[in-house]
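Structure file structure_15.cif (mmCIF, C-alpha atoms and all ligand atoms) follows.
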data_protein
loop_
_atom_site.label_atom_id
_atom_site.label_comp_id
_atom_site.auth_asym_id
_atom_site.auth_seq_id
_atom_site.Cartn_x
_atom_site.Cartn_y
_atom_site.Cartn_z
CA MET A 1275 41.62 -44.73 -41.94
CA ILE A 1276 38.30 -45.01 -40.24
CA THR A 1277 34.86 -44.05 -41.53
CA ILE A 1278 31.85 -42.88 -39.53
CA HIS A 1279 30.24 -46.28 -40.11
CA LYS A 1280 33.29 -48.18 -38.82
CA ALA A 1281 33.77 -45.87 -35.83
CA LEU A 1282 30.18 -46.46 -34.75
CA GLN A 1283 30.40 -50.21 -35.29
CA GLU A 1284 33.61 -50.56 -33.27
CA ALA A 1285 32.33 -48.47 -30.37
CA ARG A 1286 29.01 -50.29 -30.37
CA ASP A 1287 30.83 -53.64 -30.09
CA LYS A 1288 32.98 -52.37 -27.21
CA LEU A 1289 29.99 -50.94 -25.36
CA GLU A 1290 27.80 -54.02 -25.91
CA ASN A 1291 26.88 -55.51 -22.50
CA LYS A 1292 28.49 -52.51 -20.80
CA THR A 1293 25.73 -49.94 -21.37
CA ALA A 1294 21.99 -50.24 -22.01
CA THR A 1295 22.16 -48.33 -25.31
CA PRO A 1296 25.55 -49.00 -26.98
CA LEU A 1297 24.82 -47.71 -30.49
CA LEU A 1298 22.94 -44.65 -29.28
CA ASP A 1299 25.77 -43.75 -26.87
CA ALA A 1300 28.32 -44.04 -29.69
CA GLN A 1301 26.14 -41.92 -32.00
CA VAL A 1302 25.63 -39.18 -29.40
CA ILE A 1303 29.36 -39.04 -28.67
CA LEU A 1304 30.32 -38.99 -32.35
CA CYS A 1305 27.75 -36.26 -33.08
CA HIS A 1306 29.34 -34.22 -30.31
CA VAL A 1307 32.88 -34.73 -31.62
CA LEU A 1308 31.93 -33.90 -35.22
CA LYS A 1309 29.46 -31.13 -34.16
CA VAL A 1310 26.77 -32.65 -36.39
CA ASP A 1311 23.33 -34.21 -35.87
CA LYS A 1312 22.33 -37.87 -36.13
CA LEU A 1313 21.00 -37.45 -39.66
CA TYR A 1314 24.48 -36.38 -40.78
CA LEU A 1315 25.93 -39.66 -39.43
CA ILE A 1316 23.36 -41.62 -41.44
CA MET A 1317 23.88 -39.60 -44.62
CA HIS A 1318 27.70 -39.57 -44.48
CA LYS A 1319 28.55 -43.13 -43.39
CA GLU A 1320 31.66 -43.28 -45.56
CA ARG A 1321 33.14 -39.97 -44.39
CA ILE A 1322 36.67 -40.52 -43.09
CA LEU A 1323 37.46 -39.14 -39.64
CA THR A 1324 40.56 -37.05 -39.04
CA LYS A 1325 43.22 -38.28 -36.61
CA GLU A 1326 42.13 -35.65 -34.06
CA GLU A 1327 38.49 -36.68 -34.34
CA VAL A 1328 39.36 -40.36 -33.87
CA TYR A 1329 41.47 -39.52 -30.82
CA GLU A 1330 38.79 -37.38 -29.16
CA TYR A 1331 36.08 -39.94 -29.96
CA ASN A 1332 38.09 -42.88 -28.58
CA GLU A 1333 38.92 -40.99 -25.37
CA MET A 1334 35.20 -40.33 -24.85
CA ILE A 1335 34.25 -43.94 -25.58
CA LYS A 1336 36.84 -45.03 -22.98
CA LYS A 1337 35.12 -42.83 -20.40
CA ARG A 1338 31.76 -44.35 -21.33
CA LEU A 1339 33.28 -47.84 -20.86
CA CYS A 1340 34.16 -46.80 -17.28
CA GLY A 1341 30.51 -45.94 -16.66
CA VAL A 1342 30.68 -42.15 -16.99
CA PRO A 1343 27.21 -40.98 -18.13
CA VAL A 1344 27.08 -39.75 -21.73
CA GLN A 1345 25.79 -36.37 -20.53
CA TYR A 1346 28.90 -35.74 -18.42
CA ILE A 1347 31.09 -36.80 -21.34
CA ILE A 1348 29.52 -34.40 -23.82
CA GLY A 1349 28.73 -31.82 -21.08
CA LYS A 1350 25.05 -31.29 -21.78
CA GLN A 1351 21.48 -32.51 -21.39
CA GLU A 1352 18.31 -31.23 -23.01
CA PHE A 1353 15.39 -30.34 -20.70
CA MET A 1354 12.11 -28.61 -21.65
CA GLY A 1355 13.56 -27.86 -25.10
CA LEU A 1356 16.59 -26.08 -23.60
CA ASP A 1357 20.22 -27.26 -23.47
CA PHE A 1358 21.75 -27.42 -19.99
CA HIS A 1359 25.45 -27.62 -19.34
CA VAL A 1360 26.18 -30.47 -16.89
CA GLU A 1361 29.35 -31.84 -15.38
CA GLU A 1362 30.29 -34.12 -12.50
CA GLY A 1363 29.08 -32.61 -9.24
CA VAL A 1364 25.62 -31.74 -10.53
CA LEU A 1365 22.62 -34.01 -11.14
CA ILE A 1366 21.77 -34.68 -14.79
CA PRO A 1367 18.20 -33.38 -15.31
CA ARG A 1368 15.72 -36.20 -16.00
CA PRO A 1369 12.88 -36.12 -18.54
CA ASP A 1370 10.47 -37.11 -15.70
CA THR A 1371 11.11 -33.75 -14.05
CA GLU A 1372 9.47 -32.03 -17.04
CA ILE A 1373 6.17 -33.29 -15.56
CA LEU A 1374 6.73 -30.98 -12.58
CA VAL A 1375 7.49 -27.96 -14.78
CA GLU A 1376 4.47 -28.72 -17.01
CA LYS A 1377 2.23 -29.05 -13.93
CA VAL A 1378 3.21 -25.54 -12.83
CA LEU A 1379 2.85 -24.07 -16.34
CA ASN A 1380 -0.63 -25.61 -16.61
CA SER A 1381 -1.67 -24.15 -13.24
CA ILE A 1382 -0.86 -20.50 -13.80
CA ASP A 1383 -1.93 -17.51 -15.83
CA LYS A 1384 1.11 -16.89 -18.06
CA ASP A 1385 0.57 -13.12 -18.03
CA ASP A 1386 0.71 -12.82 -14.23
CA LYS A 1387 3.87 -12.21 -12.23
CA TYR A 1388 4.94 -14.85 -9.74
CA ASN A 1389 7.51 -15.22 -6.98
CA ILE A 1390 8.80 -18.76 -7.15
CA VAL A 1391 11.06 -20.75 -4.82
CA ASP A 1392 12.95 -23.79 -6.13
CA ILE A 1393 14.61 -25.90 -3.42
CA GLY A 1394 17.50 -28.00 -4.75
CA THR A 1395 18.41 -26.15 -7.95
CA GLY A 1396 21.03 -28.57 -9.36
CA SER A 1397 21.85 -27.57 -12.94
CA GLY A 1398 18.95 -25.10 -12.82
CA ALA A 1399 16.65 -27.25 -14.97
CA ILE A 1400 13.41 -26.38 -13.12
CA THR A 1401 14.37 -22.83 -12.14
CA ILE A 1402 15.51 -21.81 -15.62
CA SER A 1403 12.62 -23.47 -17.49
CA LEU A 1404 10.13 -21.68 -15.24
CA ALA A 1405 11.94 -18.36 -15.61
CA LYS A 1406 12.07 -18.84 -19.37
CA TYR A 1407 8.44 -19.86 -19.86
CA MET A 1408 6.95 -17.55 -17.19
CA GLU A 1409 8.14 -14.15 -18.29
CA GLY A 1410 7.86 -11.63 -15.48
CA SER A 1411 8.36 -14.26 -12.78
CA HIS A 1412 11.22 -14.17 -10.29
CA VAL A 1413 12.78 -17.38 -8.96
CA TYR A 1414 14.59 -17.75 -5.63
CA SER A 1415 16.74 -20.75 -6.37
CA ILE A 1416 18.34 -22.56 -3.43
CA ASP A 1417 21.00 -25.26 -3.28
CA ILE A 1418 23.36 -26.43 -0.58
CA SER A 1419 25.96 -27.18 -3.29
CA LYS A 1420 27.97 -24.14 -4.39
CA LYS A 1421 29.13 -26.03 -7.47
CA ALA A 1422 25.53 -26.70 -8.53
CA LEU A 1423 24.69 -23.00 -8.14
CA ASP A 1424 27.70 -21.95 -10.22
CA ILE A 1425 26.63 -24.28 -13.03
CA ALA A 1426 23.00 -23.15 -12.74
CA ALA A 1427 24.08 -19.50 -12.95
CA LYS A 1428 26.02 -20.23 -16.15
CA ASN A 1429 22.97 -21.99 -17.60
CA ALA A 1430 20.76 -19.07 -16.58
CA GLU A 1431 23.09 -16.67 -18.33
CA SER A 1432 23.15 -18.67 -21.54
CA HIS A 1433 19.33 -18.75 -21.55
CA GLY A 1434 19.06 -15.02 -20.85
CA VAL A 1435 17.21 -15.28 -17.51
CA LEU A 1436 20.00 -14.58 -15.00
CA SER A 1437 18.51 -11.23 -13.93
CA ARG A 1438 15.22 -12.89 -12.92
CA ILE A 1439 16.81 -15.48 -10.64
CA THR A 1440 18.28 -15.03 -7.17
CA PHE A 1441 20.64 -17.91 -6.45
CA LEU A 1442 20.95 -18.68 -2.75
CA ASN A 1443 23.51 -21.02 -1.23
CA GLY A 1444 22.33 -22.85 1.87
CA SER A 1445 20.08 -25.55 3.28
CA LEU A 1446 16.38 -25.73 2.50
CA PHE A 1447 14.54 -22.54 3.61
CA LYS A 1448 17.40 -21.05 5.62
CA PRO A 1449 18.68 -18.66 2.91
CA LEU A 1450 15.17 -17.17 2.61
CA ASN A 1451 15.29 -15.84 6.19
CA ASP A 1452 17.74 -13.12 5.19
CA ILE A 1453 15.68 -11.73 2.30
CA GLY A 1454 12.28 -11.21 3.95
CA VAL A 1455 9.96 -13.15 1.64
CA GLU A 1456 7.81 -14.78 4.34
CA GLY A 1457 4.24 -15.15 3.09
CA GLN A 1458 5.14 -13.68 -0.31
CA ILE A 1459 5.94 -16.77 -2.35
CA ASP A 1460 3.32 -17.75 -4.94
CA ILE A 1461 4.80 -21.07 -6.03
CA LEU A 1462 7.18 -23.46 -4.31
CA VAL A 1463 8.72 -26.26 -6.38
CA SER A 1464 11.24 -28.92 -5.51
CA ASN A 1465 12.75 -32.09 -6.87
CA PRO A 1466 14.56 -32.94 -3.65
CA PRO A 1467 16.90 -35.87 -2.99
CA TYR A 1468 14.51 -38.80 -2.43
CA ILE A 1469 16.38 -42.09 -2.68
CA PRO A 1470 16.45 -44.05 0.61
CA THR A 1471 20.10 -44.09 1.78
CA ALA A 1472 20.41 -47.89 1.65
CA ASP A 1473 19.19 -48.04 -1.97
CA ILE A 1474 21.82 -45.70 -3.41
CA GLU A 1475 24.52 -48.31 -3.90
CA ASN A 1476 22.09 -50.54 -5.82
CA LEU A 1477 21.39 -47.88 -8.47
CA GLN A 1478 22.97 -48.12 -11.95
CA ILE A 1479 26.72 -47.44 -11.79
CA GLU A 1480 26.22 -44.25 -13.84
CA VAL A 1481 24.14 -42.86 -10.98
CA SER A 1482 25.67 -44.40 -7.85
CA LYS A 1483 29.28 -43.79 -8.82
CA PHE A 1484 29.14 -40.58 -10.85
CA GLU A 1485 26.16 -38.47 -9.75
CA PRO A 1486 26.43 -36.50 -6.48
CA LYS A 1487 25.15 -38.37 -3.39
CA LEU A 1488 24.02 -34.99 -2.10
CA ALA A 1489 21.48 -34.89 -4.91
CA LEU A 1490 20.17 -38.39 -4.24
CA ASP A 1491 20.15 -39.19 -0.54
CA GLY A 1492 16.72 -38.61 0.99
CA GLY A 1493 17.53 -40.20 4.36
CA GLU A 1494 16.49 -43.57 5.77
CA ASP A 1495 13.06 -43.75 4.12
CA GLY A 1496 13.77 -41.20 1.37
CA LEU A 1497 11.24 -38.75 2.80
CA ASP A 1498 13.43 -36.45 4.94
CA PHE A 1499 13.22 -33.51 2.54
CA TYR A 1500 9.45 -33.81 2.07
CA ARG A 1501 8.93 -33.65 5.86
CA GLU A 1502 10.99 -30.47 6.11
CA ILE A 1503 9.50 -28.83 3.02
CA ILE A 1504 5.88 -29.66 3.89
CA ASN A 1505 6.31 -28.47 7.49
CA THR A 1506 7.92 -25.17 6.60
CA ALA A 1507 6.42 -24.20 3.21
CA PRO A 1508 3.26 -22.56 4.68
CA LYS A 1509 5.48 -19.99 6.42
CA TYR A 1510 6.73 -18.73 3.03
CA VAL A 1511 3.98 -19.53 0.53
CA ARG A 1512 1.02 -17.11 0.61
CA SER A 1513 -2.54 -18.31 1.05
CA GLY A 1514 -3.76 -19.18 -2.44
CA GLY A 1515 -0.26 -20.24 -3.50
CA LEU A 1516 0.88 -23.54 -5.00
CA ILE A 1517 3.38 -26.21 -3.99
CA ALA A 1518 4.55 -28.89 -6.45
CA LEU A 1519 6.99 -31.65 -5.55
CA GLU A 1520 8.54 -34.38 -7.66
CA VAL A 1521 8.39 -37.70 -5.80
CA GLY A 1522 9.97 -41.15 -6.14
CA HIS A 1523 7.94 -43.85 -7.91
CA ASP A 1524 6.34 -45.19 -4.68
CA GLN A 1525 6.30 -42.06 -2.52
CA ALA A 1526 3.26 -40.06 -3.66
CA ARG A 1527 0.80 -41.52 -1.12
CA ARG A 1528 3.19 -41.01 1.79
CA VAL A 1529 3.91 -37.43 0.71
CA ILE A 1530 0.15 -36.81 0.58
CA GLU A 1531 -0.18 -38.19 4.13
CA LEU A 1532 2.48 -35.71 5.26
CA MET A 1533 0.47 -32.88 3.68
CA LYS A 1534 -2.75 -34.06 5.32
CA GLU A 1535 -1.08 -34.20 8.74
CA LYS A 1536 -0.16 -30.55 8.42
CA LYS A 1537 -2.82 -27.80 8.24
CA GLY A 1538 -3.00 -25.55 5.18
CA TYR A 1539 -2.77 -28.02 2.27
CA VAL A 1540 -5.84 -28.19 0.00
CA ASP A 1541 -6.71 -29.60 -3.44
CA ILE A 1542 -3.95 -32.20 -3.20
CA GLU A 1543 -3.31 -33.83 -6.57
CA ILE A 1544 -1.07 -36.47 -8.12
CA THR A 1545 0.26 -36.08 -11.67
CA LYS A 1546 1.50 -39.21 -13.41
CA ASP A 1547 4.33 -39.38 -15.94
CA LEU A 1548 3.97 -40.89 -19.42
CA SER A 1549 4.63 -44.39 -18.03
CA GLY A 1550 1.76 -44.00 -15.57
CA ILE A 1551 4.08 -43.54 -12.56
CA GLU A 1552 2.93 -41.09 -9.87
CA ARG A 1553 5.57 -38.41 -10.35
CA VAL A 1554 4.36 -35.11 -8.89
CA VAL A 1555 2.33 -34.22 -5.81
CA SER A 1556 0.89 -30.71 -5.88
CA ALA A 1557 -1.39 -28.79 -3.55
CA GLY A 1558 -2.80 -25.37 -2.88
CA ILE A 1559 -1.95 -23.52 0.32
CA LYS A 1560 -4.95 -22.05 2.16
CA PHE A 1561 -5.23 -20.47 5.62
C1 LIG B 1 17.42 -34.43 -7.09
S1 LIG B 1 18.49 -33.05 -7.25
C2 LIG B 1 17.48 -31.98 -8.23
C3 LIG B 1 18.27 -31.06 -9.12
C4 LIG B 1 17.42 -30.28 -10.13
N1 LIG B 1 16.39 -29.50 -9.48
C5 LIG B 1 16.79 -31.20 -11.13
O1 LIG B 1 15.58 -31.47 -11.03
O2 LIG B 1 17.50 -31.68 -12.04
C6 LIG B 1 18.43 -32.37 -5.64
C7 LIG B 1 19.28 -31.11 -5.39
O3 LIG B 1 19.10 -30.75 -4.01
C8 LIG B 1 20.33 -30.25 -3.51
N2 LIG B 1 20.31 -30.38 -2.04
C9 LIG B 1 20.65 -31.43 -1.26
N3 LIG B 1 20.49 -31.14 0.03
C10 LIG B 1 20.02 -29.88 0.08
C11 LIG B 1 19.63 -29.00 1.15
N4 LIG B 1 19.70 -29.39 2.43
N5 LIG B 1 19.21 -27.76 0.86
C12 LIG B 1 19.14 -27.34 -0.44
N6 LIG B 1 19.47 -28.12 -1.50
C13 LIG B 1 19.90 -29.37 -1.24
C14 LIG B 1 21.38 -31.08 -4.20
O4 LIG B 1 22.64 -30.43 -4.18
C15 LIG B 1 20.78 -31.26 -5.60
O5 LIG B 1 21.23 -30.25 -6.47
#
Could you render the structure from this file as structure tokens?
Ligand SMILES: C[S@@+](CC[C@H](N)C(=O)[O-])C[C@H]1O[C@@H](n2cnc3c(N)ncnc32)[C@H](O)[C@@H]1O
Amino acid sequence: MITIHKALQEARDKLENKTATPLLDAQVILCHVLKVDKLYLIMHKERILTKEEVYEYNEMIKKRLCGVPVQYIIGKQEFMGLDFHVEEGVLIPRPDTEILVEKVLNSIDKDDKYNIVDIGTGSGAITISLAKYMEGSHVYSIDISKKALDIAAKNAESHGVLSRITFLNGSLFKPLNDIGVEGQIDILVSNPPYIPTADIENLQIEVSKFEPKLALDGGEDGLDFYREIINTAPKYVRSGGLIALEVGHDQARRVIELMKEKKGYVDIEITKDLSGIERVVSAGIKF
């Protein structure tokens, strides 16, 4: 017979030196198995787990020992106060990306209607948060990965915003050519792949082995997607529109240079995350 307290202790010992947050990982997994919150674990330390619960919990801890991210094990990640279903094949949304969503929300009039393009949808974290918090907006949400779009569509449905999103499968701006929105986009957002190719194998095992390379690889210097987006965005975004891009920790200045080399970018700004890292580059489009 095993209690909540013992189950957590044993898993923590196994995960020690294998993950950065052994106790937290065990708690999150046990909460998921028991369908309870963390407070319940604290208040019911002596509760005995059923055989089925022990089995499910141990199987999940085994996965964690192999490096599978907790979010893929429990199948979800919170972003902007919303739960997103995630599974292997789609990037786990990062808290840092909330800075991009907040930047957009702080730049608009919430009562206006906006046409938004999100390049690189993934689980739909940015697309769905914007659709949810900007009622009346419509998002054209593009990803080259069909699997990512399927997951994003499910997330959109569970958050009640599916009808205000057009999911488009294809590379970068290409899918927009067929729907005639040139010069009609008010806001373009993207958290594109931005890790330099050679750095990918040096990332934590959770990322390098389990998250999709397609979501990470930004080419030799990590800037391939910014070059394409910055070159082409003015064709789609109307004069007076906004572009906001998440960038890697040391890329903001180079992304700004790319904007300055191209005509049409004004009021270029950097937004830092809570650790003081330059996280978002935004600009107005003006012709
Ligand atoms: C860093 S992830 C961002 C996912 C999500 N927006 C987020 O912030 O959690 C980048 C996404 O870009 C997609 N992607 C990669 N190459 C692409 C391309 N050429 N065109 C469109 N999307 C692409 C990947 O499949 C992945 O979902």
Two-atom distance - atom CA of A:His1523, atom CA of A:Leu1289 (Å):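 If I compute the distance from atom CA of A:His1523 to atom CA of A:Leu1289, I get 29.0 Å.
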Against ligand LIG 1 (chain B), which residues of chain A fall within 6 Å? For each one I want the closest pair of atoms and the distance in Å (one decimal), counting only C-alpha atoms and all ligand atoms, rows by chain and increasing residue number, as a tab-separated table.
residue	atom	partner	partner_atom	distance
A:Leu1365	CA	B:LIG1	C3	5.6
A:Ile1366	CA	B:LIG1	O2	5.9
A:Pro1367	CA	B:LIG1	O2	3.8
A:Thr1371	CA	B:LIG1	O1	5.9
A:Ile1393	CA	B:LIG1	C12	5.6
A:Gly1394	CA	B:LIG1	O3	3.3
A:Thr1395	CA	B:LIG1	N1	4.2
A:Gly1396	CA	B:LIG1	O5	3.3
A:Ser1397	CA	B:LIG1	C4	5.9
A:Ala1399	CA	B:LIG1	O2	5.4
A:Ile1400	CA	B:LIG1	N1	5.6
A:Ile1416	CA	B:LIG1	C12	5.7
A:Asp1417	CA	B:LIG1	N6	3.7
A:Ile1418	CA	B:LIG1	C12	4.3
A:Ser1419	CA	B:LIG1	O4	4.7
A:Ala1422	CA	B:LIG1	O5	5.9
A:Gly1444	CA	B:LIG1	N5	5.9
A:Ser1445	CA	B:LIG1	N5	3.4
A:Leu1446	CA	B:LIG1	N5	3.8
A:Asn1465	CA	B:LIG1	C2	4.9
A:Pro1466	CA	B:LIG1	C6	4.4
A:Pro1467	CA	B:LIG1	C1	4.4
A:Leu1488	CA	B:LIG1	C9	5.0
A:Ala1489	CA	B:LIG1	C15	3.8
A:Leu1490	CA	B:LIG1	C1	5.6
Under the rule that only C-alpha atoms are counted, which of A:Thr1401, A:Gln1478, A:Ser1549, A:Asn1332 is the nearest residue to A:Met1354?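 That would be A:Thr1401, the residue with the smallest distance to A:Met1354.
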Could you pull the residues within 12 Å of stretch 1357-1359 of chain A, counting all atoms listed in the file, minus those fewer than 6 positions along the same chain, as JSON, numbers by chain? {"A": [1345, 1346, 1347, 1348, 1349, 1350, 1351, 1365, 1366, 1367, 1368, 1396, 1397, 1398, 1399, 1400, 1401, 1402, 1403, 1422, 1424, 1425, 1426, 1427, 1428, 1429, 1430, 1431, 1432, 1433]}
Writer output for current selection, C-alpha atoms, as a PDB file, in the coordinates of the input:
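The resulting out.pdb:
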ATOM      1  CA  GLN A1345      25.790 -36.370 -20.530  1.00  0.00           C
ATOM      2  CA  TYR A1346      28.900 -35.740 -18.420  1.00  0.00           C
ATOM      3  CA  ILE A1347      31.090 -36.800 -21.340  1.00  0.00           C
ATOM      4  CA  ILE A1348      29.520 -34.400 -23.820  1.00  0.00           C
ATOM      5  CA  GLY A1349      28.730 -31.820 -21.080  1.00  0.00           C
ATOM      6  CA  LYS A1350      25.050 -31.290 -21.780  1.00  0.00           C
ATOM      7  CA  GLN A1351      21.480 -32.510 -21.390  1.00  0.00           C
ATOM      8  CA  LEU A1365      22.620 -34.010 -11.140  1.00  0.00           C
ATOM      9  CA  ILE A1366      21.770 -34.680 -14.790  1.00  0.00           C
ATOM     10  CA  PRO A1367      18.200 -33.380 -15.310  1.00  0.00           C
ATOM     11  CA  ARG A1368      15.720 -36.200 -16.000  1.00  0.00           C
ATOM     12  CA  GLY A1396      21.030 -28.570  -9.360  1.00  0.00           C
ATOM     13  CA  SER A1397      21.850 -27.570 -12.940  1.00  0.00           C
ATOM     14  CA  GLY A1398      18.950 -25.100 -12.820  1.00  0.00           C
ATOM     15  CA  ALA A1399      16.650 -27.250 -14.970  1.00  0.00           C
ATOM     16  CA  ILE A1400      13.410 -26.380 -13.120  1.00  0.00           C
ATOM     17  CA  THR A1401      14.370 -22.830 -12.140  1.00  0.00           C
ATOM     18  CA  ILE A1402      15.510 -21.810 -15.620  1.00  0.00           C
ATOM     19  CA  SER A1403      12.620 -23.470 -17.490  1.00  0.00           C
ATOM     20  CA  ALA A1422      25.530 -26.700  -8.530  1.00  0.00           C
ATOM     21  CA  ASP A1424      27.700 -21.950 -10.220  1.00  0.00           C
ATOM     22  CA  ILE A1425      26.630 -24.280 -13.030  1.00  0.00           C
ATOM     23  CA  ALA A1426      23.000 -23.150 -12.740  1.00  0.00           C
ATOM     24  CA  ALA A1427      24.080 -19.500 -12.950  1.00  0.00           C
ATOM     25  CA  LYS A1428      26.020 -20.230 -16.150  1.00  0.00           C
ATOM     26  CA  ASN A1429      22.970 -21.990 -17.600  1.00  0.00           C
ATOM     27  CA  ALA A1430      20.760 -19.070 -16.580  1.00  0.00           C
ATOM     28  CA  GLU A1431      23.090 -16.670 -18.330  1.00  0.00           C
ATOM     29  CA  SER A1432      23.150 -18.670 -21.540  1.00  0.00           C
ATOM     30  CA  HIS A1433      19.330 -18.750 -21.550  1.00  0.00           C
TER      31      HIS A1433
END
Can you list, as a PyMOL selection string, every protein, DNA or RNA residue that comes within 10 Å of stretch 1312-1322 of chain A when you count all atoms listed in the file, leaving out same-chain residues fewer than 6 positions away? chain A and resi 1275-1282+1298+1301-1302+1304-1306+1328
Restrict the selected residues to C-alpha atoms and save them as a CSV table (one decimal), in the coordinates of the input.
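Heads up, here's the output in part-v7.csv:
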chain,number,residue,atom,x,y,z
A,1275,MET,CA,41.6,-44.7,-41.9
A,1276,ILE,CA,38.3,-45.0,-40.2
A,1277,THR,CA,34.9,-44.0,-41.5
A,1278,ILE,CA,31.8,-42.9,-39.5
A,1279,HIS,CA,30.2,-46.3,-40.1
A,1280,LYS,CA,33.3,-48.2,-38.8
A,1281,ALA,CA,33.8,-45.9,-35.8
A,1282,LEU,CA,30.2,-46.5,-34.8
A,1298,LEU,CA,22.9,-44.6,-29.3
A,1301,GLN,CA,26.1,-41.9,-32.0
A,1302,VAL,CA,25.6,-39.2,-29.4
A,1304,LEU,CA,30.3,-39.0,-32.4
A,1305,CYS,CA,27.8,-36.3,-33.1
A,1306,HIS,CA,29.3,-34.2,-30.3
A,1328,VAL,CA,39.4,-40.4,-33.9
Given all atoms listed in the file as the basis, pick out the residue of A:Val1307, A:Leu1516, A:Leu1423, A:Val1521 nearest to A:Asp1547.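 For A:Asp1547, the nearest of the candidates is A:Val1521.
For the pair atom CA of A:Asp1386 and atom CA of A:Leu1442, the interatomic distance is 24.0 Å.
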